[in-house]
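Structure file my_file_26.csv (CSV, C-alpha atoms and all ligand atoms) is printed below.
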chain,number,residue,atom,x,y,z
A,1,MET,CA,0.0,0.0,0.0
A,2,ASN,CA,1.5,3.3,-1.0
A,3,SER,CA,-0.9,5.5,1.1
A,4,PRO,CA,0.5,7.4,4.0
A,5,SER,CA,-0.2,6.1,7.4
A,6,CYS,CA,-3.4,7.5,8.7
A,7,LYS,CA,-4.7,7.3,12.3
A,8,ARG,CA,-8.5,7.3,12.5
A,9,CYS,CA,-9.0,6.6,8.8
A,10,LEU,CA,-11.4,3.9,7.5
A,11,LEU,CA,-10.5,1.7,4.6
A,12,ARG,CA,-12.7,3.8,2.3
A,13,GLU,CA,-10.4,6.8,3.0
A,14,LEU,CA,-7.3,4.9,2.0
A,15,ASP,CA,-6.1,3.4,-1.3
A,16,GLY,CA,-9.2,2.4,-3.1
A,17,GLU,CA,-7.7,-0.3,-5.3
A,18,TYR,CA,-6.1,-2.1,-2.4
A,19,PHE,CA,-9.2,-2.4,-0.4
A,20,LYS,CA,-11.8,-3.2,-3.1
A,21,SER,CA,-11.6,-6.9,-2.2
A,22,ILE,CA,-12.5,-6.1,1.4
A,23,TYR,CA,-15.6,-4.2,0.2
A,24,ARG,CA,-16.5,-7.1,-2.1
A,25,TYR,CA,-16.3,-9.4,0.9
A,26,ILE,CA,-18.6,-7.1,2.9
A,27,ALA,CA,-21.1,-6.9,0.1
A,28,SER,CA,-21.1,-10.7,-0.1
A,29,LEU,CA,-22.1,-11.2,3.5
A,30,PRO,CA,-25.6,-12.9,3.8
A,31,GLY,CA,-28.2,-10.3,4.6
A,32,GLU,CA,-29.1,-11.9,8.0
A,33,GLN,CA,-25.5,-11.6,9.1
A,34,ARG,CA,-25.1,-7.9,8.1
A,35,SER,CA,-25.7,-4.9,10.3
A,36,SER,CA,-28.4,-2.5,9.2
A,37,SER,CA,-27.2,0.5,7.3
A,38,ASP,CA,-28.0,2.8,10.3
A,39,GLU,CA,-26.2,0.6,12.7
A,40,TYR,CA,-23.2,0.3,10.4
A,41,ALA,CA,-23.0,4.1,10.0
A,42,ARG,CA,-23.3,4.5,13.8
A,43,ARG,CA,-20.5,2.0,14.5
A,44,LEU,CA,-18.2,3.5,12.0
A,45,LYS,CA,-18.7,7.0,13.4
A,46,ILE,CA,-17.6,5.6,16.7
A,47,CYS,CA,-14.6,3.8,15.2
A,48,ARG,CA,-13.7,6.9,13.2
A,49,ALA,CA,-13.3,8.8,16.4
A,50,CYS,CA,-11.5,6.1,18.3
A,51,GLY,CA,-7.7,6.3,19.0
A,52,ASP,CA,-7.4,2.6,18.4
A,53,LEU,CA,-8.2,2.9,14.7
A,54,HIS,CA,-5.1,3.0,12.5
A,55,ASN,CA,-5.1,2.6,8.7
A,56,GLY,CA,-8.6,1.2,8.9
A,57,MET,CA,-7.6,-1.5,11.3
A,58,CYS,CA,-8.6,-1.8,15.0
A,59,ALA,CA,-5.5,-2.1,17.2
A,60,GLN,CA,-7.5,-3.9,19.8
A,61,CYS,CA,-8.8,-6.8,17.7
A,62,GLY,CA,-6.8,-6.7,14.5
A,63,CYS,CA,-10.0,-6.5,12.4
A,64,PHE,CA,-10.7,-4.0,9.7
A,65,ALA,CA,-13.2,-1.8,11.4
A,66,GLU,CA,-15.5,-1.7,8.4
A,67,VAL,CA,-15.6,-5.5,8.3
A,68,ARG,CA,-16.3,-5.9,12.0
A,69,ALA,CA,-18.9,-3.2,12.0
A,70,ALA,CA,-20.7,-4.9,9.0
A,71,LYS,CA,-21.4,-8.1,11.0
A,72,ARG,CA,-24.4,-7.6,13.2
A,73,ARG,CA,-23.4,-10.1,15.9
A,74,LEU,CA,-20.0,-8.7,16.5
A,75,ALA,CA,-19.2,-6.0,19.0
A,76,CYS,CA,-16.4,-3.6,19.7
A,77,PRO,CA,-13.7,-5.4,21.8
A,78,MET,CA,-13.6,-2.3,24.1
A,79,GLY,CA,-17.4,-2.1,24.5
A,80,ARG,CA,-17.8,1.1,22.5
A,81,TRP,CA,-20.5,-0.5,20.4
A,82,GLY,CA,-22.4,-3.7,20.9
A,83,GLN,CA,-24.2,-6.5,19.0
A,84,GLU,CA,-27.2,-5.6,16.9
A,85,GLU,CA,-30.2,-7.7,17.8
P,1,LIG,S1,-13.9,-1.7,17.2
P,1,LIG,FE1,-13.9,-0.4,19.1
P,1,LIG,S2,-11.7,-0.3,19.7
P,1,LIG,FE2,-11.8,-1.0,17.6
P,1,LIG,S3,-11.6,0.9,16.4
P,1,LIG,FE3,-13.8,0.5,16.6
P,1,LIG,S4,-14.4,1.7,18.5
P,1,LIG,FE4,-12.1,1.5,18.5

What does this structure look like when you write it as structure tokens?
Amino acid sequence: MNSPSCKRCLLRELDGEYFKSIYRYIASLPGEQRSSSDEYARRLKICRACGDLHNGMCAQCGCFAEVRAAKRRLACPMGRWGQEE
């Protein structure tokens, strides 16, 4: 990846080519496993303001924040957002 290091950036704010496969993966998640669009946006707003986000990756769990937030049954490892029922 040639993008400069970016604290508190999501993947979509980094090199688009590199991360297209991640977005394809998110788009391929079965609907029942995916967060609602409102919840996804809410979670990413929290991640975007979190000091543990670096180059789109959560330093606490090692996940790409956009992938973790897209899965309704996952939660923030630090309790900043929870599972979606
Ligand atoms: S999942 Fe939690 S700890 Fe990780 S970046 Fe998002 S808010 Fe921060």

What residues of the protein or nucleic acid chains come within 7 Å of ligand LIG 1 (chain P) when you use only C-alpha atoms and all ligand atoms? Reply as a list in words.
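So, counting only C-alpha atoms and all ligand atoms, the residues near ligand LIG 1 (chain P) are Ile46, Cys47, Cys50, Gly51, Asp52, Leu53, Met57, Cys58, Ala59, Gln60, Cys61, Ala65, Cys76, Pro77, Met78, Gly79, Arg80 and Trp81 of chain A.
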
Nearest residue to Asp38 in chain A from the set A:Cys9, A:Ala69, A:Ile26, A:Cys63 (distances using only C-alpha atoms):
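For Asp38 in chain A, the nearest of the given residues is A:Ala69.
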
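With all atoms listed in the file taken into account, the protein and nucleic acid residues at most 12 Å from Glu85 in chain A (excluding it and anything under 4 positions from it in its own chain) are Glu32, Gln33, Arg34, Ser35, Ser36, Glu39, Lys71, Arg72, Arg73, Leu74 and Ala75 of chain A.
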
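In this model, the gap between CA of Asn55 in chain A and CA of Leu14 in chain A comes to 7.4 Å.
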
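Distances here use only C-alpha atoms; by that measure, the residue among A:Ala49, A:Arg24, A:His54, A:Tyr40 closest to Ser5 in chain A is A:His54.
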
Between CA of Arg48 in chain A and CA of Ser28 in chain A, what is the spacing in Å?
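The value is 23.3 Å.
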
Separation of CA of Cys6 in chain A from CA of Glu66 in chain A in Å:
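Atom-to-atom, CA of Glu66 in chain A and CA of Cys6 in chain A are spaced 15.2 Å apart.
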
When distances are computed from all atoms listed in the file, which of A:Ile22, A:Leu29, A:Gly16, A:Gln83 shows the smallest separation from Phe64 in chain A?
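For Phe64 in chain A, the nearest of the candidates is A:Ile22.
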
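When all atoms listed in the file are used to compute distances to Glu84 in chain A, the closest of the residues A:Gly56, A:Arg42, A:Val67, A:Tyr25 turns out to be A:Arg42.
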
Kindly add N, CA and C atoms to the incomplete range 26-43 of chain A and provide the output as a short mmCIF file (atom, residue, chain, number, x, y, z; two decimals), keeping the file's coordinate frame.
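Below is the file rebuild-v5.cif, written as the result:
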data_model
loop_
_atom_site.label_atom_id
_atom_site.label_comp_id
_atom_site.auth_asym_id
_atom_site.auth_seq_id
_atom_site.Cartn_x
_atom_site.Cartn_y
_atom_site.Cartn_z
N ILE A 26 -17.47 -7.61 2.14
CA ILE A 26 -18.60 -7.10 2.90
C ILE A 26 -19.88 -7.18 2.17
N ALA A 27 -19.84 -6.87 0.89
CA ALA A 27 -21.10 -6.90 0.10
C ALA A 27 -21.57 -8.35 -0.09
N SER A 28 -20.67 -9.33 0.08
CA SER A 28 -21.10 -10.70 -0.10
C SER A 28 -21.66 -11.36 1.15
N LEU A 29 -21.60 -10.66 2.27
CA LEU A 29 -22.10 -11.20 3.50
C LEU A 29 -23.64 -11.47 3.37
N PRO A 30 -24.13 -12.62 3.84
CA PRO A 30 -25.60 -12.90 3.80
C PRO A 30 -26.33 -11.79 4.56
N GLY A 31 -27.47 -11.42 4.05
CA GLY A 31 -28.20 -10.30 4.60
C GLY A 31 -28.50 -10.49 6.12
N GLU A 32 -28.78 -11.73 6.56
CA GLU A 32 -29.10 -11.90 8.00
C GLU A 32 -27.89 -11.76 8.88
N GLN A 33 -26.71 -11.76 8.31
CA GLN A 33 -25.50 -11.60 9.10
C GLN A 33 -25.02 -10.12 9.13
N ARG A 34 -25.63 -9.31 8.29
CA ARG A 34 -25.10 -7.90 8.10
C ARG A 34 -25.84 -6.96 9.05
N SER A 35 -25.11 -5.98 9.48
CA SER A 35 -25.70 -4.90 10.30
C SER A 35 -26.61 -4.07 9.38
N SER A 36 -27.59 -3.46 10.00
CA SER A 36 -28.40 -2.50 9.20
C SER A 36 -27.58 -1.33 8.82
N SER A 37 -28.02 -0.63 7.82
CA SER A 37 -27.20 0.50 7.30
C SER A 37 -27.08 1.59 8.40
N ASP A 38 -28.13 1.81 9.19
CA ASP A 38 -28.00 2.80 10.30
C ASP A 38 -27.04 2.39 11.33
N GLU A 39 -27.09 1.11 11.70
CA GLU A 39 -26.20 0.60 12.70
C GLU A 39 -24.74 0.63 12.20
N TYR A 40 -24.56 0.26 10.96
CA TYR A 40 -23.20 0.30 10.40
C TYR A 40 -22.64 1.69 10.39
N ALA A 41 -23.44 2.66 10.02
CA ALA A 41 -23.00 4.10 10.00
C ALA A 41 -22.68 4.51 11.46
N ARG A 42 -23.51 4.11 12.40
CA ARG A 42 -23.30 4.50 13.80
C ARG A 42 -22.00 3.92 14.33
N ARG A 43 -21.77 2.65 14.05
CA ARG A 43 -20.50 2.00 14.50
C ARG A 43 -19.30 2.66 13.90
#
